[in-house]
file my_file-v5.txt (compact mmCIF, C-alpha atoms and all ligand atoms)
# COMPACT_ATOMS: atom_id res chain seq x y z
CA MET A 1 -42.68 -22.47 -24.53
CA ARG A 2 -42.80 -18.76 -25.15
CA ARG A 3 -44.21 -18.15 -21.68
CA LEU A 4 -41.43 -20.15 -20.11
CA LEU A 5 -38.85 -18.06 -21.93
CA ILE A 6 -40.42 -14.85 -20.71
CA ILE A 7 -40.48 -16.10 -17.12
CA LEU A 8 -36.86 -17.15 -17.43
CA LEU A 9 -35.84 -13.77 -18.82
CA PHE A 10 -37.73 -12.02 -16.05
CA SER A 11 -35.99 -14.01 -13.34
CA CYS A 12 -32.63 -13.18 -14.91
CA LEU A 13 -33.42 -9.50 -14.57
CA LEU A 14 -34.14 -9.99 -10.90
CA THR A 15 -30.69 -11.32 -10.20
CA SER A 16 -27.76 -9.03 -9.52
CA PHE A 17 -25.73 -9.87 -12.54
CA GLY A 18 -27.16 -11.40 -15.66
CA CYS A 19 -28.38 -14.91 -15.18
CA ALA A 20 -26.05 -15.58 -12.26
CA LYS A 21 -27.44 -16.31 -8.81
CA LYS A 22 -28.71 -13.46 -6.67
CA THR A 23 -26.07 -11.99 -4.46
CA THR A 24 -25.96 -9.53 -1.59
CA ARG A 25 -23.25 -7.03 -0.70
CA TYR A 26 -21.25 -7.91 2.41
CA GLN A 27 -18.44 -6.13 4.19
CA ALA A 28 -15.94 -7.31 6.81
CA GLU A 29 -13.42 -5.32 8.79
CA PHE A 30 -10.52 -6.45 10.91
CA LEU A 31 -7.94 -4.58 12.92
CA SER A 32 -4.30 -5.01 13.93
CA LEU A 33 -2.81 -6.49 10.74
CA PHE A 34 -0.14 -4.26 9.21
CA ASP A 35 -0.89 -1.77 11.97
CA THR A 36 -4.08 -0.64 10.24
CA VAL A 37 -7.71 -1.44 9.35
CA THR A 38 -8.50 -4.01 6.67
CA THR A 39 -11.81 -3.91 4.84
CA VAL A 40 -13.12 -6.58 2.49
CA VAL A 41 -16.19 -5.96 0.34
CA GLY A 42 -17.81 -8.68 -1.72
CA TYR A 43 -21.04 -10.02 -3.16
CA ALA A 44 -22.10 -13.49 -2.14
CA GLU A 45 -25.17 -15.70 -2.13
CA ASN A 46 -25.16 -15.82 1.64
CA LYS A 47 -23.30 -14.48 4.63
CA ASP A 48 -21.46 -17.72 5.39
CA GLU A 49 -19.97 -17.83 1.92
CA PHE A 50 -18.64 -14.30 2.31
CA THR A 51 -17.44 -14.81 5.89
CA SER A 52 -15.45 -17.85 4.87
CA LEU A 53 -13.73 -15.83 2.12
CA ALA A 54 -13.05 -12.90 4.46
CA GLU A 55 -11.57 -15.29 7.04
CA GLN A 56 -9.25 -16.79 4.43
CA ILE A 57 -8.08 -13.30 3.48
CA LYS A 58 -7.49 -12.45 7.12
CA GLY A 59 -5.44 -15.64 7.58
CA LYS A 60 -3.28 -14.92 4.57
CA LEU A 61 -2.74 -11.30 5.58
CA ALA A 62 -1.71 -12.46 9.06
CA GLU A 63 0.93 -14.72 7.50
CA TYR A 64 2.36 -11.88 5.40
CA HIS A 65 2.23 -9.58 8.40
CA LYS A 66 4.39 -11.97 10.46
CA LEU A 67 6.83 -12.53 7.62
CA PHE A 68 7.31 -8.80 6.90
CA ASP A 69 7.40 -7.72 10.58
CA ILE A 70 10.54 -5.85 11.66
CA TYR A 71 9.54 -5.40 15.30
CA ASN A 72 8.42 -8.86 16.48
CA SER A 73 9.74 -12.41 16.36
CA TYR A 74 7.47 -15.44 16.00
CA GLU A 75 8.18 -18.95 17.21
CA GLY A 76 9.59 -21.13 14.45
CA LEU A 77 9.57 -18.36 11.81
CA ASN A 78 12.45 -16.53 10.18
CA ASN A 79 11.06 -13.11 9.27
CA LEU A 80 12.42 -9.68 8.39
CA LYS A 81 13.42 -9.09 12.01
CA THR A 82 15.50 -12.29 11.90
CA ILE A 83 17.30 -10.94 8.82
CA ASN A 84 17.93 -7.60 10.55
CA ASP A 85 19.10 -9.30 13.76
CA ASN A 86 21.61 -11.30 11.71
CA ALA A 87 23.09 -8.33 9.85
CA GLY A 88 26.86 -8.85 9.56
CA ILE A 89 26.50 -12.27 11.19
CA ALA A 90 24.99 -14.80 8.80
CA PRO A 91 22.63 -15.35 5.86
CA VAL A 92 19.11 -16.23 7.00
CA LYS A 93 16.97 -18.84 5.29
CA VAL A 94 13.51 -17.42 4.69
CA ASP A 95 10.23 -18.21 2.93
CA GLN A 96 10.18 -17.65 -0.83
CA GLU A 97 7.47 -14.98 -0.36
CA LEU A 98 9.92 -12.85 1.59
CA ILE A 99 12.61 -13.36 -1.06
CA SER A 100 10.11 -12.24 -3.72
CA LEU A 101 9.16 -9.13 -1.74
CA LEU A 102 12.81 -8.15 -1.31
CA LEU A 103 13.63 -8.76 -4.98
CA PHE A 104 10.63 -6.64 -5.94
CA ALA A 105 11.66 -3.86 -3.54
CA LYS A 106 15.24 -3.91 -4.84
CA GLU A 107 13.91 -3.58 -8.39
CA GLN A 108 11.90 -0.56 -7.27
CA TYR A 109 15.06 1.02 -5.87
CA TYR A 110 16.58 1.03 -9.37
CA LEU A 111 13.33 2.01 -11.08
CA THR A 112 12.90 5.06 -8.81
CA GLY A 113 16.54 6.17 -8.83
CA GLY A 114 16.91 5.22 -5.15
CA LYS A 115 13.93 7.31 -3.96
CA LEU A 116 12.49 4.13 -2.51
CA ASN A 117 15.11 2.34 -0.49
CA ILE A 118 14.17 -0.49 1.87
CA ALA A 119 17.75 -0.39 3.22
CA LEU A 120 17.00 3.02 4.72
CA GLY A 121 16.15 1.15 7.95
CA PRO A 122 18.63 2.90 10.30
CA VAL A 123 17.42 6.37 9.21
CA LEU A 124 13.74 5.35 9.36
CA ARG A 125 14.31 3.87 12.81
CA VAL A 126 15.61 7.23 14.09
CA TRP A 127 12.50 9.02 12.79
CA HIS A 128 10.25 6.25 14.10
CA GLU A 129 11.73 6.52 17.61
CA TYR A 130 11.49 10.31 17.65
CA ARG A 131 7.88 10.15 16.44
CA GLU A 132 6.85 7.51 19.00
CA ARG A 133 8.47 9.46 21.83
CA ALA A 134 6.82 12.70 20.70
CA LEU A 135 3.41 11.08 20.43
CA SER A 136 3.59 9.66 23.94
CA ASP A 137 5.06 12.88 25.38
CA PRO A 138 4.36 15.84 23.04
CA LEU A 139 6.31 18.30 25.23
CA SER A 140 9.53 16.37 24.65
CA ALA A 141 9.09 16.38 20.82
CA LYS A 142 12.38 16.93 19.02
CA VAL A 143 13.79 16.74 15.51
CA PRO A 144 16.72 14.31 15.24
CA SER A 145 20.11 15.94 14.88
CA ARG A 146 21.86 16.11 11.52
CA LYS A 147 24.74 14.12 12.98
CA LEU A 148 22.50 11.28 14.12
CA LEU A 149 20.78 11.07 10.72
CA GLU A 150 24.04 11.21 8.78
CA GLU A 151 25.60 8.54 10.96
CA ALA A 152 22.57 6.29 10.32
CA ALA A 153 22.68 7.04 6.56
CA LYS A 154 26.15 5.48 6.34
CA HIS A 155 24.47 2.08 6.66
CA THR A 156 21.82 2.20 3.95
CA ASP A 157 23.55 0.67 0.94
CA ILE A 158 21.10 -1.52 -1.00
CA GLU A 159 24.02 -3.36 -2.63
CA LYS A 160 24.77 -4.82 0.77
CA VAL A 161 21.49 -6.70 0.73
CA ILE A 162 22.57 -10.08 -0.63
CA ILE A 163 19.68 -12.19 -1.86
CA ASP A 164 20.44 -15.79 -2.81
CA GLU A 165 17.34 -16.97 -4.63
CA GLU A 166 18.49 -20.55 -4.97
CA ALA A 167 19.43 -21.00 -1.34
CA SER A 168 16.44 -18.81 -0.35
CA THR A 169 18.62 -16.73 1.97
CA VAL A 170 19.12 -13.05 2.69
CA TYR A 171 22.28 -11.57 4.15
CA LEU A 172 22.94 -7.97 5.18
CA THR A 173 26.71 -7.60 4.99
CA ASP A 174 26.87 -4.38 7.06
CA PRO A 175 26.24 -5.20 10.76
CA GLU A 176 24.74 -1.73 11.32
CA MET A 177 22.19 -1.98 8.54
CA SER A 178 18.51 -2.98 8.63
CA LEU A 179 15.59 -3.33 6.25
CA ASP A 180 12.24 -1.53 6.54
CA VAL A 181 9.56 -2.61 4.08
CA GLY A 182 6.85 -0.24 5.38
CA ALA A 183 6.63 1.44 1.98
CA VAL A 184 5.88 -1.72 0.00
CA ALA A 185 4.77 -4.59 2.25
CA LYS A 186 1.05 -3.83 2.47
CA GLY A 187 0.61 -3.33 -1.26
CA TYR A 188 2.70 -6.37 -2.06
CA ALA A 189 0.72 -8.59 0.33
CA VAL A 190 -2.60 -7.31 -1.02
CA GLU A 191 -1.47 -7.99 -4.59
CA ARG A 192 -0.36 -11.54 -3.78
CA ILE A 193 -3.64 -12.26 -2.02
CA ALA A 194 -5.73 -10.76 -4.82
CA ARG A 195 -3.90 -12.89 -7.39
CA TYR A 196 -4.40 -16.00 -5.29
CA PHE A 197 -8.15 -15.48 -5.16
CA GLU A 198 -8.31 -14.57 -8.84
CA GLU A 199 -6.69 -17.93 -9.55
CA GLN A 200 -9.28 -19.56 -7.31
CA GLY A 201 -11.97 -18.19 -9.62
CA ILE A 202 -13.15 -15.24 -7.51
CA SER A 203 -14.34 -12.62 -9.97
CA SER A 204 -15.53 -9.76 -7.78
CA LEU A 205 -13.99 -8.50 -4.53
CA LEU A 206 -12.50 -5.36 -3.01
CA ILE A 207 -9.66 -5.54 -0.49
CA SER A 208 -8.40 -2.47 1.35
CA VAL A 209 -5.54 -2.66 3.83
CA GLY A 210 -5.26 0.79 5.35
CA GLY A 211 -6.46 2.40 2.13
CA ASN A 212 -4.21 0.22 0.02
CA ILE A 213 -6.99 -0.86 -2.32
CA ARG A 214 -7.09 -3.67 -4.85
CA ALA A 215 -10.17 -4.67 -6.80
CA ILE A 216 -10.75 -8.12 -8.21
CA GLY A 217 -12.95 -7.50 -11.25
CA GLY A 218 -15.87 -5.14 -10.89
CA LYS A 219 -19.05 -5.43 -8.82
CA PRO A 220 -22.49 -6.64 -9.79
CA GLY A 221 -24.79 -3.74 -10.56
CA LYS A 222 -28.13 -3.02 -12.18
CA ARG A 223 -26.65 -3.28 -15.64
CA GLY A 224 -24.32 -6.25 -15.17
CA MET A 225 -20.78 -5.81 -13.88
CA GLU A 226 -19.87 -2.25 -12.96
CA ALA A 227 -16.67 -0.58 -11.76
CA TRP A 228 -15.95 -0.06 -8.06
CA ASN A 229 -16.31 3.54 -6.96
CA ILE A 230 -13.35 4.64 -4.82
CA GLY A 231 -13.16 7.96 -2.98
CA ILE A 232 -9.77 9.68 -2.89
CA LYS A 233 -9.22 11.25 0.52
CA ASN A 234 -8.68 14.99 0.76
CA PRO A 235 -5.38 15.49 2.65
CA ASP A 236 -6.71 18.83 3.86
CA LYS A 237 -8.50 17.77 7.03
CA GLU A 238 -9.98 21.25 7.54
CA SER A 239 -11.75 21.20 4.20
CA PRO A 240 -15.50 20.44 4.25
CA ASP A 241 -14.89 18.04 1.34
CA GLU A 242 -13.74 14.72 2.76
CA GLU A 243 -12.87 13.47 -0.70
CA LEU A 244 -11.01 15.08 -3.57
CA CYS A 245 -12.73 13.01 -6.22
CA ASN A 246 -13.94 9.49 -6.99
CA VAL A 247 -12.35 7.03 -9.34
CA LEU A 248 -13.90 4.01 -11.05
CA ILE A 249 -11.81 0.84 -11.22
CA SER A 250 -12.18 -2.80 -12.22
CA GLY A 251 -9.32 -5.17 -11.44
CA TYR A 252 -7.08 -2.22 -10.56
CA SER A 253 -5.38 -0.90 -7.47
CA VAL A 254 -5.59 2.55 -5.88
CA VAL A 255 -3.01 3.51 -3.26
CA SER A 256 -2.46 6.83 -1.52
CA SER A 257 0.44 8.07 0.58
CA GLY A 258 -0.05 11.18 2.65
CA THR A 259 1.47 13.39 5.29
CA TYR A 260 -1.77 13.43 7.27
CA GLU A 261 -1.70 10.06 9.01
CA ARG A 262 1.67 9.37 10.58
CA TYR A 263 3.37 12.49 11.80
CA TYR A 264 4.35 14.46 14.88
CA THR A 265 4.74 18.15 15.55
CA VAL A 266 7.69 20.21 16.78
CA ASP A 267 7.24 23.96 17.28
CA GLY A 268 4.12 23.89 15.12
CA LYS A 269 5.84 22.14 12.21
CA LYS A 270 4.70 18.69 11.09
CA TYR A 271 7.22 15.89 10.56
CA HIS A 272 5.69 13.00 8.64
CA HIS A 273 6.87 9.47 7.85
CA ILE A 274 8.12 9.52 4.24
CA ILE A 275 11.81 10.29 4.27
CA ASP A 276 13.69 11.69 1.30
CA PRO A 277 16.87 9.55 1.05
CA ASN A 278 18.81 12.60 -0.21
CA THR A 279 17.93 15.07 2.55
CA LEU A 280 17.16 12.41 5.24
CA MET A 281 14.22 14.65 6.17
CA PRO A 282 10.47 14.22 5.58
CA ALA A 283 9.84 15.04 1.92
CA SER A 284 8.32 18.49 1.60
CA TYR A 285 6.82 18.60 -1.90
CA PHE A 286 3.34 17.14 -1.30
CA LYS A 287 0.40 16.57 1.03
CA SER A 288 -0.66 13.38 -0.72
CA ILE A 289 -0.10 11.25 -3.78
CA THR A 290 -2.47 8.65 -5.23
CA ILE A 291 -1.38 5.99 -7.70
CA ILE A 292 -3.70 3.94 -9.89
CA CYS A 293 -2.34 0.87 -11.67
CA PRO A 294 -3.16 -2.85 -11.93
CA ASP A 295 -0.48 -4.03 -9.45
CA SER A 296 -1.01 -3.02 -5.83
CA GLY A 297 2.64 -3.71 -4.92
CA LEU A 298 3.79 -1.31 -7.60
CA ALA A 299 1.16 1.26 -6.61
CA ASP A 300 2.37 1.17 -2.98
CA ALA A 301 6.04 1.44 -3.96
CA LEU A 302 5.41 4.30 -6.37
CA SER A 303 3.14 6.26 -4.02
CA THR A 304 6.04 6.46 -1.55
CA ALA A 305 8.85 6.93 -4.10
CA VAL A 306 7.16 9.75 -6.04
CA PHE A 307 6.72 11.62 -2.76
CA ASN A 308 10.47 12.19 -2.89
CA MET A 309 10.52 13.65 -6.42
CA PRO A 310 9.68 17.23 -7.39
CA VAL A 311 6.35 17.28 -9.24
CA GLU A 312 7.83 17.84 -12.73
CA ASN A 313 10.20 14.87 -12.30
CA GLY A 314 7.47 12.72 -10.80
CA LYS A 315 5.08 13.53 -13.63
CA LYS A 316 7.66 12.63 -16.27
CA PHE A 317 8.50 9.47 -14.37
CA ILE A 318 4.87 8.33 -14.00
CA ASP A 319 4.03 9.19 -17.62
CA SER A 320 6.97 7.01 -18.70
CA ILE A 321 5.50 3.90 -17.03
CA GLU A 322 2.77 2.14 -18.92
CA ASN A 323 -0.58 1.70 -17.21
CA VAL A 324 0.28 3.86 -14.19
CA GLU A 325 -1.54 7.08 -13.32
CA ALA A 326 -1.09 9.51 -10.43
CA LEU A 327 -2.68 12.44 -8.67
CA TRP A 328 -0.52 14.81 -6.63
CA VAL A 329 -1.65 17.34 -4.03
CA THR A 330 1.27 19.69 -3.62
CA SER A 331 2.25 21.27 -0.31
CA THR A 332 0.47 24.45 -1.45
CA GLY A 333 -2.72 22.50 -2.23
CA GLU A 334 -2.43 22.48 -6.02
CA ILE A 335 -3.77 19.34 -7.72
CA VAL A 336 -1.73 17.81 -10.53
CA TYR A 337 -2.83 14.86 -12.68
CA SER A 338 -0.78 12.45 -14.77
CA THR A 339 -1.78 12.33 -18.42
CA GLY A 340 -4.42 9.59 -18.15
CA PHE A 341 -5.64 10.01 -14.55
CA LYS A 342 -8.86 11.76 -15.51
CA ASP A 343 -9.97 8.74 -17.54
CA PHE A 344 -10.56 7.01 -14.21
CA MET A 345 -12.41 9.89 -12.60
CA LYS A 346 -16.12 9.71 -12.05
CA VAL A 347 -17.93 12.70 -13.45
CA ASN A 348 -20.64 14.21 -11.23
CA VAL A 349 -18.56 13.53 -8.15
CA LYS A 350 -21.29 14.77 -5.86
CA GLN A 351 -24.71 13.25 -6.38
P1 LIG A 401 1.69 4.08 4.71
O1 LIG A 401 2.45 2.94 5.27
O2 LIG A 401 1.33 5.09 5.72
O3 LIG A 401 0.57 3.67 3.85
P2 LIG A 401 3.74 4.48 2.69
O4 LIG A 401 3.35 3.36 1.82
O5 LIG A 401 4.06 5.75 1.98
O6 LIG A 401 2.65 4.87 3.76
O7 LIG A 401 5.00 3.99 3.51
C1 LIG A 401 5.61 4.77 4.47
C2 LIG A 401 6.59 3.93 5.23
O8 LIG A 401 7.66 3.56 4.35
C3 LIG A 401 7.26 4.65 6.38
O9 LIG A 401 6.54 4.46 7.56
C4 LIG A 401 8.62 4.00 6.43
O10 LIG A 401 8.56 2.78 7.15
C5 LIG A 401 8.91 3.67 4.99
N1 LIG A 401 9.67 4.72 4.24
C6 LIG A 401 9.66 6.06 4.42
N2 LIG A 401 10.44 6.69 3.52
C7 LIG A 401 10.97 5.72 2.74
C8 LIG A 401 11.87 5.71 1.63
N3 LIG A 401 12.36 6.82 1.11
N4 LIG A 401 12.20 4.51 1.11
C9 LIG A 401 11.71 3.35 1.62
N5 LIG A 401 10.86 3.30 2.65
C10 LIG A 401 10.48 4.46 3.22
MG MG A 402 3.94 3.01 -0.18

call {"tool": "encode", "arguments": {"input": "my_file-v5.txt", "output": "C-alpha cells", "more": "lines below"}}
Ligand code: ADP
Ligand code: MG
result
Amino acid sequence: MRRLLIILLFSCLLTSFGCAKKTTRYQAEFLSLFDTVTTVVGYAENKDEFTSLAEQIKGKLAEYHKLFDIYNSYEGLNNLKTINDNAGIAPVKVDQELISLLLFAKEQYYLTGGKLNIALGPVLRVWHEYRERALSDPLSAKVPSRKLLEEAAKHTDIEKVIIDEEASTVYLTDPEMSLDVGAVAKGYAVERIARYFEEQGISSLLISVGGNIRAIGGKPGKRGMEAWNIGIKNPDKESPDEELCNVLISGYSVVSSGTYERYYTVDGKKYHHIIDPNTLMPASYFKSITIICPDSGLADALSTAVFNMPVENGKKFIDSIENVEALWVTSTGEIVYSTGFKDFMKVNVKQ
C-alpha cells in the first residue's frame, strides 16, 4: 500500500501541474484579424486539443472583426459600417454584441472626460487618410489643415449616438458623423472571448491580439500554477533593451498604446494615431502607456484615453480607479508608475 502511494506521488510530480494530466505548451498565430497579429498560448494534453481551441478563438475573433469593421461590408450583416452609412438616415438593427460595445465605449467617454470618444470618426478619418497617403507616397506627406480638422470636429458629438437597447438599434442623428472603435474594439473582443472560454471551464490560456493581452488564469509550472510573464515593449526602438520590464499576471490583462507603430513623418516630425479630442492633433505627452487591469476592454480604452491626459492628471485618474495600474513613458523618456504598478513587476528582469 505504502509503495503504491509513493509511486502515485512520484507520478504526480512528473505532471505539469499537481496531479492533473501532463500538458505541453503550444502556441498558434494568425494574421489579418483586427489588422494585426493574434497569438494564442496554451497548455494541452495534445496538439489537436490545443488546435481546436485556437481555431474556436480565431472564429470568434473573426466574427467580432466583421461586426466592428468600419471599412468593409459583409453579406447579410449589419456592422459598424452599416451604422455609419446610415447616419442621418435611419436607425440600424444590429447584433447585441455591437450594442454592448457601443454602450461600453459611451460609458468610457464619460469616465475619461471625453478623452476617449468613438464619435471622433470624421477627425480620425482625416488623419487616417493623410497617414495612408503619406505611407504610400512619403514625398507627398502633409499635415491636415486646421480648417479641415475643425470642420470634421463639428460632427463628433457623442450625444448624437442614439442607442436603443430594447430595439437593438443604433442611430447617428448627424448625417456627417461616424463612429471609429479602433481604440476599444480589440480589447473588448478579447475580453468577451476570454470570458466565454472561462465559462467553458478553460483555466489557463493567453490571448494576445496585437499586444492586447488577456490571461485566463496562470500557466502550469514546476511548482503548480504560476503567473504569465509578459514583456513590456520599450517604445525607444534605438535602445538595445527591447523591453522596459516584465510583469507577472494571472487572469489579468496588459494593454499598451504607443506612438511607435502607426505613424507617418512630415519634415522629420512624427504624427501618430492617437488624437487628442481637444487639440485634434496627435497627443504629445507620451511615447507609450501600458495599462494592467482584469478587464481587457477597459485596459484598451484607458490606454488610449490616458494618452490624452497630462501625466499628473492621468496618474490621479488611474489611481482613482480600483484595480487599474499604469506605466507611462513620457515624450522625454521618463518612466512614471501608478501607485501599485510595481507590485506586478518581475524582479531580476534580466536573467
Ligand atoms: P492600437 O489600435 O494601435 O492598439 P489604440 O488602442 O490606442 O492603439 O487605438 C488607437 C486607435 O483609436 C486609432 O487608430 C483611432 O482609430 C482611434 N482613436 C485615436 N484617438 C482616439 C480618441 N481620442 N478617442 C477615440 N478613439 C481614438
Ligand atoms: Mg486602446

call {"tool": "closest_residue", "arguments": {"input": "my_file-v5.txt", "among": "A:Thr39, A:Ser331, A:Thr112, A:Ser253", "to": "ligand LIG 401 (chain A)", "atoms": "all atoms listed in the file"}}
result
A:Thr112

call {"tool": "residues_around", "arguments": {"input": "my_file-v5.txt", "residues": "Asp174 of chain A", "least_positions_apart": "3", "cutoff": "7 Å", "atoms": "only C-alpha atoms", "output": "list of chain:residue names"}}
result
A:Ala87, A:Gly88, A:His155, A:Lys160, A:Met177

call {"tool": "atom_distance", "arguments": {"input": "my_file-v5.txt", "atom1": "atom CA of Val37 of chain A", "atom2": "atom CA of His65 of chain A"}}
result
12.9 Å

call {"tool": "residues_near_ligand", "arguments": {"input": "my_file-v5.txt", "ligand": "ligand LIG 401 (chain A)", "cutoff": "7 Å", "atoms": "only C-alpha atoms and all ligand atoms", "output": "PyMOL selection string"}}
result
chain A and resi 115-118+120+124+180-184+210+256-258+261-262+273-277+300-301+303-305+308

call {"tool": "closest_residue", "arguments": {"input": "my_file-v5.txt", "among": "A:Ala167, A:Leu98, A:Ala227, A:Met309", "to": "Phe344 of chain A", "atoms": "only C-alpha atoms"}}
result
A:Ala227

call {"tool": "closest_residue", "arguments": {"input": "my_file-v5.txt", "among": "A:Trp228, A:Phe104, A:Tyr264, A:Tyr252", "to": "Tyr188 of chain A", "atoms": "all atoms listed in the file"}}
result
A:Phe104

call {"tool": "residues_near_point", "arguments": {"input": "my_file-v5.txt", "point": "(12.7, -6.1, 9.4)", "cutoff": "9 Å", "atoms": "only C-alpha atoms", "output": "PDB file with C-alpha atoms, in the coordinates of the input"}}
result
ATOM      1  CA  LEU A  67       6.830 -12.530   7.620  1.00  0.00           C
ATOM      2  CA  PHE A  68       7.310  -8.800   6.900  1.00  0.00           C
ATOM      3  CA  ASP A  69       7.400  -7.720  10.580  1.00  0.00           C
ATOM      4  CA  ILE A  70      10.540  -5.850  11.660  1.00  0.00           C
ATOM      5  CA  TYR A  71       9.540  -5.400  15.300  1.00  0.00           C
ATOM      6  CA  ASN A  72       8.420  -8.860  16.480  1.00  0.00           C
ATOM      7  CA  ASN A  79      11.060 -13.110   9.270  1.00  0.00           C
ATOM      8  CA  LEU A  80      12.420  -9.680   8.390  1.00  0.00           C
ATOM      9  CA  LYS A  81      13.420  -9.090  12.010  1.00  0.00           C
ATOM     10  CA  THR A  82      15.500 -12.290  11.900  1.00  0.00           C
ATOM     11  CA  ILE A  83      17.300 -10.940   8.820  1.00  0.00           C
ATOM     12  CA  ASN A  84      17.930  -7.600  10.550  1.00  0.00           C
ATOM     13  CA  ASP A  85      19.100  -9.300  13.760  1.00  0.00           C
ATOM     14  CA  GLY A 121      16.150   1.150   7.950  1.00  0.00           C
ATOM     15  CA  SER A 178      18.510  -2.980   8.630  1.00  0.00           C
ATOM     16  CA  LEU A 179      15.590  -3.330   6.250  1.00  0.00           C
ATOM     17  CA  ASP A 180      12.240  -1.530   6.540  1.00  0.00           C
ATOM     18  CA  VAL A 181       9.560  -2.610   4.080  1.00  0.00           C
TER      19      VAL A 181
END

call {"tool": "residues_around", "arguments": {"input": "my_file-v5.txt", "residues": "Ile232 of chain A", "least_positions_apart": "6", "cutoff": "12 Å", "atoms": "only C-alpha atoms", "output": "NGL selection string"}}
result
:A and (211-213 or 241-248 or 254-258 or 288-292 or 326-329 or 344-346 or 349)

call {"tool": "closest_residue", "arguments": {"input": "my_file-v5.txt", "among": "A:Val324, A:Ala105, A:Leu111, A:Leu149", "to": "ligand MG 402 (chain A)", "atoms": "all atoms listed in the file"}}
result
A:Ala105

call {"tool": "closest_residue", "arguments": {"input": "my_file-v5.txt", "among": "A:Thr173, A:Gln108, A:Asn278, A:Thr339", "to": "Ala299 of chain A", "atoms": "all atoms listed in the file"}}
result
A:Gln108

call {"tool": "atom_distance", "arguments": {"input": "my_file-v5.txt", "atom1": "atom CA of Ile163 of chain A", "atom2": "atom CA of Thr36 of chain A"}}
result
29.1 Å

call {"tool": "atom_distance", "arguments": {"input": "my_file-v5.txt", "atom1": "atom CA of Ile207 of chain A", "atom2": "atom CA of Pro294 of chain A"}}
result
13.4 Å

call {"tool": "residues_around", "arguments": {"input": "my_file-v5.txt", "residues": "Tyr43 of chain A", "least_positions_apart": "6", "cutoff": "6 Å", "atoms": "all atoms listed in the file", "output": "PyMOL selection string"}}
result
chain A and resi 23-26
